[in-house]
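See below for coords.txt, which holds compact mmCIF, C-alpha atoms and all ligand atoms.
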```
# COMPACT_ATOMS: atom_id res chain seq x y z
CA MET A 1 -13.89 17.21 25.18
CA SER A 2 -10.68 18.38 23.56
CA LEU A 3 -9.13 16.50 20.67
CA ARG A 4 -5.66 17.28 19.36
CA ILE A 5 -3.71 15.53 16.63
CA ALA A 6 0.07 15.83 16.70
CA PRO A 7 2.99 14.19 14.92
CA VAL A 8 5.07 11.40 16.46
CA GLY A 9 8.65 12.55 16.14
CA VAL A 10 11.92 10.73 16.40
CA ASP A 11 13.27 13.70 18.39
CA ASP A 12 10.26 13.85 20.74
CA PRO A 13 10.61 11.02 23.31
CA ALA A 14 7.28 11.83 25.00
CA SER A 15 5.46 11.34 21.69
CA ILE A 16 7.17 7.97 21.26
CA ASP A 17 6.17 6.86 24.79
CA ALA A 18 2.55 7.79 24.12
CA TRP A 19 2.61 6.11 20.71
CA VAL A 20 3.97 2.85 22.15
CA GLU A 21 1.31 2.98 24.87
CA VAL A 22 -1.51 3.41 22.33
CA MET A 23 -0.14 0.58 20.20
CA ALA A 24 0.03 -1.69 23.26
CA ARG A 25 -3.59 -0.92 24.28
CA ILE A 26 -4.81 -1.68 20.77
CA GLN A 27 -2.67 -4.74 20.38
CA GLU A 28 -3.80 -6.40 23.60
CA TYR A 29 -7.40 -6.06 22.41
CA GLU A 30 -7.04 -6.67 18.66
CA PHE A 31 -3.97 -8.90 18.30
CA PRO A 32 -3.25 -10.55 21.68
CA TYR A 33 -1.48 -13.41 19.89
CA LEU A 34 1.30 -11.17 18.53
CA PRO A 35 4.41 -10.19 20.49
CA ARG A 36 4.34 -6.64 21.84
CA ARG A 37 5.97 -3.87 19.84
CA THR A 38 8.69 -2.56 22.12
CA ARG A 39 9.80 1.04 22.48
CA ARG A 40 13.08 0.13 20.83
CA MET A 41 11.22 -1.23 17.79
CA ALA A 42 9.19 1.96 17.58
CA GLU A 43 12.31 4.14 17.73
CA LEU A 44 14.08 2.08 15.08
CA MET A 45 11.04 2.31 12.80
CA LEU A 46 11.17 6.09 13.04
CA GLU A 47 14.93 6.28 12.59
CA HIS A 48 15.37 3.94 9.63
CA ALA A 49 13.04 4.63 6.73
CA PHE A 50 12.48 2.19 3.89
CA PRO A 51 13.42 3.55 0.45
CA ALA A 52 10.89 4.85 -2.08
CA ARG A 53 8.27 5.31 0.63
CA VAL A 54 7.32 8.16 2.95
CA VAL A 55 5.67 7.16 6.22
CA GLU A 56 4.28 9.60 8.79
CA HIS A 57 2.85 8.89 12.21
CA ARG A 58 0.40 10.99 14.20
CA LEU A 59 -1.25 10.62 17.58
CA ALA A 60 -4.72 11.70 18.64
CA TRP A 61 -4.86 13.13 22.18
CA LEU A 62 -8.27 13.17 23.83
CA ASP A 63 -8.54 15.35 26.93
CA GLY A 64 -4.75 15.11 27.29
CA GLU A 65 -4.54 11.32 26.97
CA PRO A 66 -3.11 9.46 23.96
CA ALA A 67 -6.19 7.83 22.41
CA GLY A 68 -5.46 6.80 18.84
CA ARG A 69 -2.92 6.73 16.09
CA LEU A 70 -2.66 7.35 12.38
CA GLU A 71 -0.03 6.06 9.99
CA VAL A 72 0.02 7.33 6.42
CA SER A 73 2.32 5.75 3.90
CA ARG A 74 2.88 6.70 0.29
CA MET A 75 5.21 5.24 -2.29
CA THR A 76 7.30 7.74 -4.19
CA GLU A 77 8.41 5.91 -7.34
CA GLU A 78 5.37 3.85 -8.36
CA ASN A 79 1.78 3.59 -7.22
CA LEU A 80 1.61 7.36 -7.06
CA LYS A 81 -2.17 7.45 -6.77
CA LEU A 82 -2.31 5.24 -3.69
CA LEU A 83 -2.27 6.28 -0.08
CA PHE A 84 -1.99 3.52 2.50
CA PHE A 85 -3.08 4.35 6.00
CA THR A 86 -3.87 2.81 9.39
CA ILE A 87 -6.26 4.30 11.90
CA GLU A 88 -6.41 2.68 15.34
CA VAL A 89 -8.19 3.94 18.43
CA ALA A 90 -7.56 2.47 21.89
CA PRO A 91 -10.67 0.56 23.03
CA ARG A 92 -11.64 2.85 25.91
CA PHE A 93 -11.67 5.93 23.67
CA ARG A 94 -13.86 4.51 20.91
CA ARG A 95 -17.12 5.93 19.57
CA ARG A 96 -16.15 9.47 20.51
CA GLY A 97 -15.15 10.68 17.08
CA VAL A 98 -11.39 10.04 17.33
CA GLY A 99 -11.41 7.71 14.32
CA ARG A 100 -13.45 10.21 12.32
CA ALA A 101 -11.02 13.03 13.15
CA LEU A 102 -8.04 10.89 12.12
CA PHE A 103 -9.80 10.05 8.88
CA GLY A 104 -10.15 13.79 8.26
CA GLU A 105 -6.34 13.96 8.43
CA VAL A 106 -6.09 11.17 5.85
CA LEU A 107 -8.32 13.10 3.45
CA ALA A 108 -6.28 16.28 3.92
CA TYR A 109 -3.03 14.35 3.41
CA ALA A 110 -4.43 12.73 0.24
CA ARG A 111 -5.35 16.14 -1.17
CA GLU A 112 -1.97 17.58 -0.27
CA HIS A 113 -0.07 14.75 -1.98
CA ASP A 114 -2.49 14.21 -4.86
CA ARG A 115 -3.42 10.65 -3.87
CA THR A 116 -6.82 9.45 -4.99
CA VAL A 117 -7.06 5.82 -3.85
CA LEU A 118 -7.09 5.15 -0.11
CA VAL A 119 -6.11 1.66 1.07
CA THR A 120 -6.26 0.20 4.55
CA SER A 121 -7.13 -2.99 6.38
CA GLY A 122 -8.86 -4.16 9.53
CA SER A 123 -9.65 -7.37 11.34
CA LEU A 124 -12.47 -9.40 9.87
CA SER A 125 -14.83 -11.73 11.70
CA MET A 126 -15.25 -15.12 10.09
CA PRO A 127 -17.33 -17.97 11.56
CA ASP A 128 -14.28 -20.00 12.56
CA LEU A 129 -12.07 -16.96 13.28
CA PRO A 130 -14.06 -14.40 15.26
CA ALA A 131 -12.51 -10.92 15.49
CA PRO A 132 -12.91 -8.91 18.72
CA ASP A 133 -15.73 -6.82 17.20
CA GLU A 134 -17.28 -5.50 13.99
CA ALA A 135 -15.93 -1.96 14.40
CA PRO A 136 -13.54 -2.02 11.40
CA ALA A 137 -16.28 -3.00 8.94
CA ALA A 138 -18.74 -0.48 10.45
CA PHE A 139 -16.15 2.29 10.37
CA ALA A 140 -15.15 1.45 6.79
CA ALA A 141 -18.80 1.42 5.71
CA ALA A 142 -19.42 4.77 7.41
CA PHE A 143 -16.87 6.38 5.07
CA GLY A 144 -17.83 4.54 1.88
CA PHE A 145 -14.97 2.03 1.64
CA THR A 146 -15.44 -1.15 -0.37
CA ASN A 147 -13.78 -4.39 0.58
CA THR A 148 -11.12 -5.63 -1.75
CA LEU A 149 -9.31 -8.62 -0.45
CA PRO A 150 -9.72 -10.89 2.55
CA GLU A 151 -6.44 -12.18 3.96
CA LEU A 152 -5.73 -14.87 6.50
CA GLN A 153 -2.92 -14.97 8.99
CA ARG A 154 -1.58 -18.46 9.66
CA ARG A 155 0.83 -19.66 12.30
CA LEU A 156 3.33 -22.49 12.34
CA THR A 157 4.18 -23.75 15.81
CA LEU A 158 7.69 -25.07 15.36
CA ALA A 159 7.52 -27.63 18.20
CA GLU A 160 4.65 -29.28 16.29
CA VAL A 161 6.30 -29.42 12.87
CA ASP A 162 6.27 -32.93 11.40
CA GLU A 163 9.76 -33.46 9.97
CA ASP A 164 8.59 -36.47 7.94
CA VAL A 165 5.99 -34.30 6.20
CA LEU A 166 8.64 -31.68 5.39
CA ALA A 167 11.02 -34.35 4.09
CA GLY A 168 8.23 -35.75 1.91
CA MET A 169 7.43 -32.28 0.55
CA LEU A 170 11.10 -31.67 -0.22
CA SER A 171 11.61 -34.90 -2.11
CA ALA A 172 8.35 -34.51 -4.05
CA ALA A 173 9.41 -30.98 -4.99
CA GLN A 174 12.96 -32.01 -5.90
CA ALA A 175 11.58 -34.67 -8.25
CA LYS A 176 9.80 -31.96 -10.24
CA ALA A 177 12.51 -29.32 -9.96
CA VAL A 178 15.11 -30.90 -12.21
CA GLY A 179 17.53 -28.33 -13.64
CA TYR A 180 17.37 -25.99 -10.64
CA ARG A 181 19.69 -25.66 -7.66
CA LEU A 182 19.14 -24.00 -4.30
CA VAL A 183 21.08 -21.07 -2.88
CA ARG A 184 20.71 -19.55 0.55
CA TRP A 185 21.93 -16.48 2.36
CA ARG A 186 21.45 -14.40 5.46
CA ASP A 187 20.54 -10.69 5.46
CA ALA A 188 21.84 -8.83 2.37
CA ALA A 189 21.84 -10.74 -0.93
CA PRO A 190 25.28 -11.77 -2.22
CA GLU A 191 26.50 -9.49 -5.01
CA GLU A 192 25.96 -12.08 -7.76
CA LEU A 193 22.30 -12.53 -6.76
CA ALA A 194 21.38 -8.89 -6.14
CA GLU A 195 20.03 -8.25 -9.61
CA GLY A 196 17.88 -11.38 -9.51
CA VAL A 197 16.54 -10.49 -6.07
CA ALA A 198 15.76 -6.93 -7.18
CA TYR A 199 13.87 -8.32 -10.18
CA LEU A 200 11.82 -10.77 -8.11
CA GLU A 201 11.20 -8.16 -5.43
CA SER A 202 9.89 -5.73 -8.04
CA ARG A 203 7.13 -8.26 -8.79
CA LEU A 204 6.04 -8.71 -5.17
CA MET A 205 3.38 -6.02 -5.24
CA THR A 206 1.57 -7.43 -8.23
CA ASP A 207 2.25 -11.16 -8.30
CA ALA A 208 0.39 -12.18 -5.18
CA PRO A 209 -3.40 -11.93 -5.52
CA SER A 210 -4.41 -8.37 -4.68
CA GLY A 211 -8.16 -8.39 -5.31
CA ASP A 212 -9.11 -5.31 -7.31
CA LEU A 213 -6.45 -3.11 -5.73
CA PRO A 214 -4.94 -1.04 -8.56
CA LEU A 215 -1.33 -1.98 -7.81
CA GLU A 216 1.57 -1.25 -10.12
CA ALA A 217 4.77 -3.34 -10.24
CA GLU A 218 7.94 -1.67 -8.95
CA LYS A 219 10.91 -1.04 -11.21
CA PRO A 220 13.76 -3.49 -10.52
CA ASP A 221 16.48 -1.47 -8.80
CA VAL A 222 19.54 -2.90 -7.05
CA GLY A 223 20.20 0.44 -5.34
CA ARG A 224 16.74 0.39 -3.81
CA LEU A 225 17.20 -3.24 -2.75
CA ARG A 226 20.43 -2.32 -0.98
CA ARG A 227 18.81 0.63 0.83
CA PHE A 228 15.94 -1.65 1.85
CA GLU A 229 18.33 -4.30 3.18
CA GLU A 230 20.22 -1.64 5.14
CA ALA A 231 17.00 -0.35 6.74
CA VAL A 232 15.89 -3.88 7.63
CA ALA A 233 19.23 -4.60 9.32
CA ALA A 234 19.25 -1.22 11.08
CA ARG A 235 15.80 -1.99 12.47
CA GLY A 236 17.26 -5.08 14.19
CA ARG A 237 15.79 -7.65 11.85
CA ARG A 238 17.65 -10.71 10.64
CA THR A 239 16.52 -12.27 7.41
CA PHE A 240 17.01 -15.79 6.06
CA HIS A 241 16.60 -16.48 2.37
CA THR A 242 16.50 -19.45 0.02
CA GLY A 243 16.37 -19.11 -3.74
CA ALA A 244 16.32 -21.41 -6.76
CA ILE A 245 18.72 -20.89 -9.65
CA HIS A 246 17.80 -22.09 -13.13
CA GLU A 247 21.01 -23.92 -14.02
CA GLN A 248 20.79 -23.42 -17.76
CA THR A 249 20.63 -19.62 -17.58
CA GLY A 250 22.03 -18.97 -14.10
CA ALA A 251 18.96 -16.81 -13.29
CA LEU A 252 17.43 -16.60 -9.83
CA VAL A 253 13.84 -17.72 -10.46
CA ALA A 254 12.35 -18.35 -7.01
CA TRP A 255 12.92 -16.72 -3.65
CA THR A 256 11.54 -16.80 -0.14
CA THR A 257 12.40 -15.06 3.13
CA ILE A 258 11.82 -15.56 6.84
CA SER A 259 12.53 -12.56 9.05
CA ALA A 260 13.06 -12.37 12.79
CA ASP A 261 13.21 -9.26 14.95
CA GLU A 262 15.74 -9.23 17.75
CA GLU A 263 13.16 -7.49 19.98
CA THR A 264 10.69 -10.41 19.69
CA PRO A 265 12.95 -13.43 20.12
CA GLY A 266 10.36 -16.25 19.97
CA HIS A 267 8.58 -14.98 16.88
CA ALA A 268 9.28 -14.77 13.15
CA TRP A 269 7.52 -13.89 9.89
CA GLN A 270 7.37 -15.96 6.75
CA GLN A 271 7.46 -13.27 4.09
CA ILE A 272 6.23 -13.55 0.51
CA THR A 273 7.47 -16.42 -1.65
CA ILE A 274 7.81 -15.67 -5.33
CA VAL A 275 8.43 -17.82 -8.39
CA ASP A 276 9.16 -16.24 -11.77
CA PRO A 277 6.11 -16.89 -14.01
CA ASP A 278 8.27 -18.64 -16.66
CA HIS A 279 9.36 -21.19 -14.07
CA ARG A 280 6.09 -22.07 -12.39
CA GLY A 281 4.88 -25.68 -12.29
CA HIS A 282 8.15 -27.15 -10.97
CA ARG A 283 7.22 -27.03 -7.27
CA LEU A 284 9.86 -24.35 -6.75
CA GLY A 285 7.57 -22.51 -4.31
CA ALA A 286 7.33 -25.54 -2.03
CA LEU A 287 11.01 -26.34 -2.52
CA VAL A 288 12.41 -22.97 -1.47
CA LYS A 289 9.89 -22.59 1.34
CA VAL A 290 10.55 -25.94 3.02
CA ALA A 291 14.31 -25.65 2.49
CA ASN A 292 14.29 -22.15 3.96
CA LEU A 293 12.33 -23.24 7.01
CA ARG A 294 14.95 -25.87 7.73
CA PHE A 295 17.76 -23.36 7.23
CA PHE A 296 16.00 -20.86 9.50
CA ARG A 297 15.36 -23.36 12.31
CA ALA A 298 18.99 -24.44 12.37
CA GLU A 299 20.11 -20.80 12.60
CA MET A 300 17.45 -19.54 15.02
CA PRO A 301 16.52 -22.42 17.35
CA GLN A 302 15.01 -20.02 19.92
CA VAL A 303 12.10 -19.09 17.61
CA GLU A 304 8.85 -20.83 18.56
CA VAL A 305 6.31 -19.62 16.01
CA VAL A 306 6.35 -18.35 12.44
CA ASP A 307 3.39 -16.30 11.16
CA THR A 308 2.42 -15.58 7.60
CA PHE A 309 -0.28 -13.79 5.59
CA ASN A 310 -2.01 -15.05 2.46
CA ALA A 311 -4.81 -13.66 0.38
CA ALA A 312 -7.76 -15.98 0.98
CA ALA A 313 -7.78 -16.49 -2.81
CA ASN A 314 -4.17 -17.70 -2.96
CA GLY A 315 -5.08 -21.40 -2.96
CA PHE A 316 -1.69 -22.57 -4.21
CA MET A 317 0.38 -20.96 -1.47
CA ILE A 318 -2.20 -21.82 1.19
CA SER A 319 -2.05 -25.49 0.29
CA ILE A 320 1.75 -25.45 0.68
CA ASN A 321 1.42 -23.66 4.01
CA GLU A 322 -1.24 -26.04 5.33
CA GLN A 323 0.88 -29.02 4.34
CA MET A 324 3.84 -27.54 6.22
CA GLY A 325 1.64 -27.21 9.30
CA PHE A 326 0.61 -23.52 9.23
CA ARG A 327 -2.84 -23.10 10.81
CA LYS A 328 -5.37 -20.26 10.61
CA LEU A 329 -5.04 -17.64 13.31
CA ALA A 330 -6.96 -14.53 12.25
CA ALA A 331 -8.71 -12.93 9.30
CA PHE A 332 -8.27 -9.45 7.84
CA GLN A 333 -10.07 -7.41 5.24
CA ASN A 334 -8.43 -4.90 2.95
CA TRP A 335 -10.51 -1.80 2.29
CA GLN A 336 -10.34 0.66 -0.55
CA LEU A 337 -11.87 4.04 -1.35
CA ASP A 338 -11.50 5.73 -4.72
CA LEU A 339 -11.90 9.44 -4.02
CA THR A 340 -12.48 10.24 -7.68
CA LYS A 341 -15.59 8.06 -7.64
CA ASN A 342 -16.84 8.99 -4.21
CA GLY A 343 -16.58 12.74 -4.30
N1 LIG A 401 -20.24 -0.11 15.51
C1 LIG A 401 -20.95 0.57 14.58
N2 LIG A 401 -20.46 1.66 13.91
C2 LIG A 401 -19.20 2.07 14.22
C3 LIG A 401 -18.42 1.42 15.20
C4 LIG A 401 -18.97 0.29 15.86
N3 LIG A 401 -18.30 -0.39 16.81
N4 LIG A 401 -17.23 2.06 15.29
C5 LIG A 401 -17.26 3.08 14.41
N5 LIG A 401 -18.46 3.09 13.75
C6 LIG A 401 -18.86 4.00 12.67
C7 LIG A 401 -20.01 4.88 13.09
O1 LIG A 401 -20.74 5.22 11.89
C8 LIG A 401 -19.29 6.09 13.66
O2 LIG A 401 -20.07 7.27 13.62
P1 LIG A 401 -21.10 7.56 14.84
O3 LIG A 401 -20.39 7.28 16.11
O4 LIG A 401 -21.43 8.98 14.63
O5 LIG A 401 -22.24 6.60 14.62
C9 LIG A 401 -18.15 6.26 12.69
O6 LIG A 401 -17.75 4.90 12.38
C10 LIG A 401 -16.97 7.03 13.28
O7 LIG A 401 -16.70 6.51 14.58
P2 LIG A 401 -15.56 7.09 15.53
O8 LIG A 401 -16.10 7.27 16.91
O9 LIG A 401 -14.93 8.27 14.90
O10 LIG A 401 -14.54 5.87 15.48
P3 LIG A 401 -13.63 5.33 16.68
O11 LIG A 401 -12.85 6.42 17.27
O12 LIG A 401 -14.44 4.48 17.59
O13 LIG A 401 -12.61 4.37 15.86
C11 LIG A 401 -12.01 2.34 14.71
C12 LIG A 401 -13.12 3.36 14.99
C13 LIG A 401 -10.78 3.04 14.15
C14 LIG A 401 -12.49 1.34 13.63
C15 LIG A 401 -11.68 1.59 16.01
O14 LIG A 401 -12.76 0.74 16.36
C16 LIG A 401 -10.43 0.76 15.92
O15 LIG A 401 -9.35 1.24 16.22
N6 LIG A 401 -10.51 -0.52 15.47
C17 LIG A 401 -9.34 -1.35 15.27
C18 LIG A 401 -8.46 -0.80 14.17
C19 LIG A 401 -9.06 -0.93 12.79
O16 LIG A 401 -9.62 -1.93 12.45
N7 LIG A 401 -8.90 0.10 11.96
C20 LIG A 401 -9.28 0.02 10.57
C21 LIG A 401 -10.68 0.39 10.36
S1 LIG A 401 -11.15 0.27 8.66
C22 LIG A 401 -10.76 1.83 8.03
O17 LIG A 401 -9.93 2.52 8.55
C23 LIG A 401 -11.48 2.27 6.80
```

So, in terms of structure tokens, how does the structure I just supplied come out?
Amino acid sequence: MSLRIAPVGVDDPASIDAWVEVMARIQEYEFPYLPRRTRRMAELMLEHAFPARVVEHRLAWLDGEPAGRLEVSRMTEENLKLLFFTIEVAPRFRRRGVGRALFGEVLAYAREHDRTVLVTSGSLSMPDLPAPDEAPAAFAAAFGFTNTLPELQRRLTLAEVDEDVLAGMLSAAQAKAVGYRLVRWRDAAPEELAEGVAYLESRLMTDAPSGDLPLEAEKPDVGRLRRFEEAVAARGRRTFHTGAIHEQTGALVAWTTISADEETPGHAWQQITIVDPDHRGHRLGALVKVANLRFFRAEMPQVEVVDTFNAAANGFMISINEQMGFRKLAAFQNWQLDLTKNG
């Protein structure tokens, strides 16, 4: 048996072909409900990096066949102790040490870049949401990971949305949201809102429940926001945003986004919704979310389903989602390993 681990390179088309093939094999087993990642999406991911983050991709070749993949991702301006990674092995190559070898690369990478906390996630079996198998938990346990945060993926099937329910949610929210007005935009934030968006975005990492993950807030930075928006657009993603402005101060205090990839026309993602802590309790979360869904549907009528992730502990956002019609689809577990405590 010969095992080789090699980088996936933007200038190496054969490596991209093999990478897309491995991702497809894994996806059809692990996430059959998600649209396939196309070759074009893979190329664009390699070509257009997000700011303040370095991401590297490697492939494991077993006896000359692409068998597994590794993604390592480290932030460069905050969270300097963390190393995020993904290890995935195609089903027919499992239990032959490919995962273990890829994990060896993660450890070497962590040493090289002085990262001490490893973070990853895998599917999780729950009684009402069975995962394909227990391999992620067994693999995580084999290397001493502890579980941090369960997350649920929910899906909204747009043909089944009850417009009366949405209208009821909107008017109930509007009744409590006196003194705020809505704004909406596509893709890049308008100049006058960029600072507010950068501020709210800087809170994303830490505001949503994150279990005991040692996450640090980002520094608000309009330049970084603009580079992020450029990368999103270059990757072929359209984004639809609704925000709430506090009329007295003119500040943007709530914001939500739905994104759609041109390579997966029937599918979209509801991204994180955030409300400034000083303005919670006015139903602004529900208000921007329902208003944005309406905006999105009018702009993108071809989209059939919208998926979202929530920490299982995020009762407030989950209740809004359930009311809108989002239903549970799959469960995930975040895993963490502190190398300073585990030798
Ligand atoms: N049942 C029990 N133990 C398992 C299993 C399993 N199905 N799979 C792996 N292990 C444990 C064993 O201790 C194994 O050592 P052993 O074979 O000597 O007993 C050890 O993990 C290493 O196994 P490998 O053969 O190196 O792992 P493999 O190449 O099969 O890949 C992986 C394992 C990555 C979890 C694969 O099943 C997969 O791709 N799953 C989907 C993706 C995923 O969930 N990745 C995240 C995992 S969590 C994490 O990375 C910490």

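If you measure from each of A:Ile87, A:Leu166, A:Ala177, A:Ile272 to Asn314 of chain A using only C-alpha atoms, the closest one turns out to be A:Ile272.
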
Contacts of segment 306-311 of chain A at 10 Å (only C-alpha atoms; same-chain gap of 2+ positions) as a JSON list (two decimals) with C-alpha atoms, keeping the file's coordinate frame:
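As written to disk, around_17.json reads:
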```
[["chain", "number", "residue", "atom", "x", "y", "z"],
["A", 34, "LEU", "CA", 1.30, -11.17, 18.53],
["A", 149, "LEU", "CA", -9.31, -8.62, -0.45],
["A", 150, "PRO", "CA", -9.72, -10.89, 2.55],
["A", 151, "GLU", "CA", -6.44, -12.18, 3.96],
["A", 152, "LEU", "CA", -5.73, -14.87, 6.50],
["A", 153, "GLN", "CA", -2.92, -14.97, 8.99],
["A", 154, "ARG", "CA", -1.58, -18.46, 9.66],
["A", 155, "ARG", "CA", 0.83, -19.66, 12.30],
["A", 156, "LEU", "CA", 3.33, -22.49, 12.34],
["A", 157, "THR", "CA", 4.18, -23.75, 15.81],
["A", 158, "LEU", "CA", 7.69, -25.07, 15.36],
["A", 208, "ALA", "CA", 0.39, -12.18, -5.18],
["A", 209, "PRO", "CA", -3.40, -11.93, -5.52],
["A", 210, "SER", "CA", -4.41, -8.37, -4.68],
["A", 211, "GLY", "CA", -8.16, -8.39, -5.31],
["A", 258, "ILE", "CA", 11.82, -15.56, 6.84],
["A", 259, "SER", "CA", 12.53, -12.56, 9.05],
["A", 260, "ALA", "CA", 13.06, -12.37, 12.79],
["A", 266, "GLY", "CA", 10.36, -16.25, 19.97],
["A", 267, "HIS", "CA", 8.58, -14.98, 16.88],
["A", 268, "ALA", "CA", 9.28, -14.77, 13.15],
["A", 269, "TRP", "CA", 7.52, -13.89, 9.89],
["A", 270, "GLN", "CA", 7.37, -15.96, 6.75],
["A", 271, "GLN", "CA", 7.46, -13.27, 4.09],
["A", 272, "ILE", "CA", 6.23, -13.55, 0.51],
["A", 293, "LEU", "CA", 12.33, -23.24, 7.01],
["A", 303, "VAL", "CA", 12.10, -19.09, 17.61],
["A", 304, "GLU", "CA", 8.85, -20.83, 18.56],
["A", 313, "ALA", "CA", -7.78, -16.49, -2.81],
["A", 314, "ASN", "CA", -4.17, -17.70, -2.96],
["A", 315, "GLY", "CA", -5.08, -21.40, -2.96],
["A", 317, "MET", "CA", 0.38, -20.96, -1.47],
["A", 318, "ILE", "CA", -2.20, -21.82, 1.19],
["A", 321, "ASN", "CA", 1.42, -23.66, 4.01],
["A", 326, "PHE", "CA", 0.61, -23.52, 9.23],
["A", 327, "ARG", "CA", -2.84, -23.10, 10.81],
["A", 328, "LYS", "CA", -5.37, -20.26, 10.61],
["A", 329, "LEU", "CA", -5.04, -17.64, 13.31],
["A", 330, "ALA", "CA", -6.96, -14.53, 12.25],
["A", 331, "ALA", "CA", -8.71, -12.93, 9.30],
["A", 332, "PHE", "CA", -8.27, -9.45, 7.84],
["A", 333, "GLN", "CA", -10.07, -7.41, 5.24],
["A", 334, "ASN", "CA", -8.43, -4.90, 2.95]]
```

| task | Using all atoms listed in the file, give me every residue within 12 Å of (10.2, -3.6, 15.1) in file coordinates, as a PyMOL selection string. | result | chain A and resi 20+35-48+231-238+259-265+267-269

| query | Which residues form the shell of 8 Å around ligand LIG 401 (chain A) when you count only C-alpha atoms and all ligand atoms, given as a ChimeraX atom specification? | reply | /A:26,30,68,85-91,93-103,119-123,133-143,145,335-336

| Two-atom distance - atom CA of Ala108 of chain A, atom CA of Leu339 of chain A (Å) | 11.9 Å

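Taking atom CA of Ser2 of chain A and atom CA of Gly64 of chain A as endpoints, the distance between them is 7.7 Å.
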
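In this model, the gap between atom CA of Ser73 of chain A and atom CA of Glu56 of chain A comes to 6.5 Å.
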
| query | Once you count only C-alpha atoms, which residues end up no further than 6 Å from (-1.4, 6.5, -0.3) in the file's frame, shown as a PyMOL selection string? | reply | chain A and resi 73-74+82-84+115+118
